[in-house]
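For reference, final_33.tsv (TSV, C-alpha atoms):
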chain	number	residue	atom	x	y	z
A	1	MET	CA	42.55	-216.11	-75.08
A	2	SER	CA	45.75	-214.76	-76.49
A	3	VAL	CA	46.20	-211.02	-76.79
A	4	ASN	CA	48.01	-210.12	-79.98
A	5	LYS	CA	49.06	-206.72	-81.28
A	6	GLU	CA	45.87	-206.28	-83.30
A	7	ILE	CA	43.66	-206.78	-80.25
A	8	ALA	CA	45.90	-204.51	-78.15
A	9	LEU	CA	45.75	-201.83	-80.85
A	10	HIS	CA	41.95	-202.10	-81.05
A	11	VAL	CA	41.54	-201.86	-77.26
A	12	GLY	CA	44.01	-198.97	-77.24
A	13	LYS	CA	41.95	-197.11	-79.83
A	14	LEU	CA	38.78	-197.67	-77.81
A	15	ALA	CA	40.57	-196.30	-74.74
A	16	ARG	CA	41.94	-193.41	-76.82
A	17	LEU	CA	45.54	-194.41	-76.12
A	18	ASN	CA	48.31	-193.46	-78.51
A	19	LEU	CA	49.91	-196.85	-79.17
A	20	VAL	CA	51.46	-196.22	-82.57
A	21	GLU	CA	54.97	-196.84	-81.27
A	22	THR	CA	55.84	-200.53	-81.46
A	23	GLU	CA	57.40	-200.56	-77.99
A	24	LYS	CA	54.24	-199.18	-76.37
A	25	LEU	CA	52.05	-201.58	-78.33
A	26	GLU	CA	54.15	-204.61	-77.37
A	27	LEU	CA	54.19	-203.57	-73.70
A	28	PHE	CA	50.42	-202.99	-73.71
A	29	ALA	CA	49.81	-206.39	-75.35
A	30	ARG	CA	52.03	-208.16	-72.77
A	31	GLN	CA	50.27	-206.41	-69.90
A	32	MET	CA	46.83	-207.31	-71.29
A	33	GLU	CA	47.95	-210.93	-71.70
A	34	GLN	CA	49.07	-211.01	-68.04
A	35	ILE	CA	45.68	-209.64	-66.95
A	36	VAL	CA	43.84	-212.28	-68.98
A	37	GLU	CA	46.06	-215.04	-67.52
A	38	TYR	CA	45.33	-213.82	-64.00
A	39	MET	CA	41.58	-213.76	-64.71
A	40	ASP	CA	41.86	-217.39	-65.87
A	41	ILE	CA	43.49	-218.26	-62.53
A	42	LEU	CA	40.68	-216.50	-60.66
A	43	LYS	CA	38.05	-218.30	-62.76
A	44	SER	CA	39.40	-221.66	-61.64
A	45	ALA	CA	38.91	-220.84	-57.94
A	46	ASP	CA	36.12	-222.76	-56.22
A	47	THR	CA	33.60	-220.18	-55.01
A	48	ALA	CA	30.71	-222.54	-54.31
A	49	GLY	CA	28.94	-221.55	-51.12
A	50	GLU	CA	30.56	-218.10	-50.94
A	51	GLU	CA	28.37	-215.03	-50.86
A	52	PRO	CA	29.32	-212.18	-53.19
A	53	LEU	CA	31.00	-209.21	-51.53
A	54	PHE	CA	31.17	-205.60	-52.56
A	55	SER	CA	34.60	-205.43	-50.93
A	56	PRO	CA	37.16	-208.08	-50.01
A	57	MET	CA	37.32	-206.66	-46.47
A	58	ARG	CA	34.63	-207.80	-44.04
A	59	ARG	CA	34.09	-204.80	-41.83
A	60	THR	CA	31.29	-202.53	-40.86
A	61	ALA	CA	31.42	-198.78	-40.66
A	62	PRO	CA	31.23	-197.44	-37.13
A	63	LEU	CA	28.01	-195.56	-36.58
A	64	ARG	CA	27.51	-192.49	-34.44
A	65	GLU	CA	24.56	-190.44	-33.38
A	66	ASP	CA	23.50	-187.86	-35.95
A	67	VAL	CA	23.33	-184.86	-33.66
A	68	ALA	CA	23.68	-181.28	-34.84
A	69	HIS	CA	25.83	-179.07	-32.67
A	70	LEU	CA	27.44	-175.68	-33.02
A	71	LEU	CA	31.21	-175.88	-33.49
A	72	TYR	CA	32.06	-172.24	-34.02
A	73	THR	CA	30.35	-168.92	-33.46
A	74	ARG	CA	29.61	-166.61	-36.38
A	75	ASP	CA	32.46	-164.32	-35.32
A	76	GLU	CA	34.90	-167.23	-35.22
A	77	GLU	CA	33.79	-168.33	-38.70
A	78	LEU	CA	34.22	-164.84	-40.12
A	79	ALA	CA	37.55	-164.16	-38.37
A	80	ASN	CA	39.68	-165.19	-41.38
A	81	ALA	CA	37.33	-164.01	-44.13
A	82	PRO	CA	39.05	-161.60	-46.53
A	83	GLU	CA	35.85	-159.56	-46.86
A	84	LYS	CA	32.72	-159.56	-44.70
A	85	ASP	CA	29.71	-157.33	-44.11
A	86	ALA	CA	26.99	-157.50	-41.45
A	87	GLY	CA	27.95	-161.04	-40.40
A	88	PHE	CA	28.12	-162.49	-43.94
A	89	PHE	CA	30.96	-163.48	-46.26
A	90	LEU	CA	31.42	-161.14	-49.22
A	91	VAL	CA	32.19	-163.02	-52.43
A	92	PRO	CA	32.64	-161.84	-56.03
A	93	ARG	CA	29.38	-161.39	-57.93
A	94	ILE	CA	28.77	-164.04	-60.56
A	95	LEU	CA	26.59	-163.23	-63.54

Please go through the file and, once you have read it, give me the structure as structure tokens.
Amino acid sequence: MSVNKEIALHVGKLARLNLVETEKLELFARQMEQIVEYMDILKSADTAGEEPLFSPMRRTAPLREDVAHLLYTRDEELANAPEKDAGFFLVPRIL
């Protein structure tokens, strides 16, 4: 598939890009053409027997115990509060 200026202009309009300048339009068309060429290269790769991945990296996330614990006391939490009252943060009222 060849990407010409008309296709680039149409895709640009769909993406709400301002491509009225010829230089921008030509650059966008060249970039789209390079993307299409690269996709053609990827299509020719033999992927028979490969399982689909959600990420190219094969790694697992390290798991930890889900244990609740107290990091700070209430006084430590409120130490830097600009306004506080009776152990609570005071924030502006929202209507």

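The space between CA of Ser55 (chain A) and CA of Gln34 (chain A) spans 23.1 Å.
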
Name the residues in contact with Gly87 (chain A) at a cut-off of 10 Å, using all atoms listed in the file, excluding same-chain residues fewer than 4 positions from it; report them as a VMD selection string.
chain A and resid 74 to 75 77 to 78

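Summary of the local environment: counting only C-alpha atoms, residues at most 10 Å from Val91 (chain A), other than itself and those fewer than 6 positions away along its chain, are Ala81, Pro82, Glu83 and Lys84 of chain A.
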
File of the preceding selection, C-alpha atoms, as a CSV table (one decimal), in the coordinates of the input:
chain,number,residue,atom,x,y,z
A,81,ALA,CA,37.3,-164.0,-44.1
A,82,PRO,CA,39.0,-161.6,-46.5
A,83,GLU,CA,35.8,-159.6,-46.9
A,84,LYS,CA,32.7,-159.6,-44.7

Would you kindly return, as a list of chain:residue names, each protein, DNA or RNA residue with an atom no farther than 10 Å from any atom of Arg30 (chain A), considering all atoms listed in the file and excluding same-chain residues fewer than 2 positions away?
A:Ser2, A:Val3, A:Asn4, A:Lys5, A:Ala8, A:Lys24, A:Leu25, A:Glu26, A:Leu27, A:Phe28, A:Met32, A:Glu33, A:Gln34, A:Ile35, A:Val36

May I have the centre and edge lengths, in Å to one decimal, of an axis-aligned box around the listed atoms of region 79-88 of chain A with 6 Å added to every side, as lines of an AutoDock Vina configuration file?
center_x = 33.3
center_y = -161.3
center_z = -42.6
size_x = 24.7
size_y = 19.9
size_z = 20.5

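In this structure, CA of Glu76 (chain A) sits 12.3 Å away from CA of Phe89 (chain A).
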
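Counting from CA of Thr47 (chain A), the distance to CA of Gln31 (chain A) is 26.3 Å.
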
Leu9 (chain A) surroundings by all atoms listed in the file, 9 Å radius, close-in-sequence under 2 positions cut, as a ChimeraX atom specification
/A:4-7,11-14,17,19-20,25,28-29
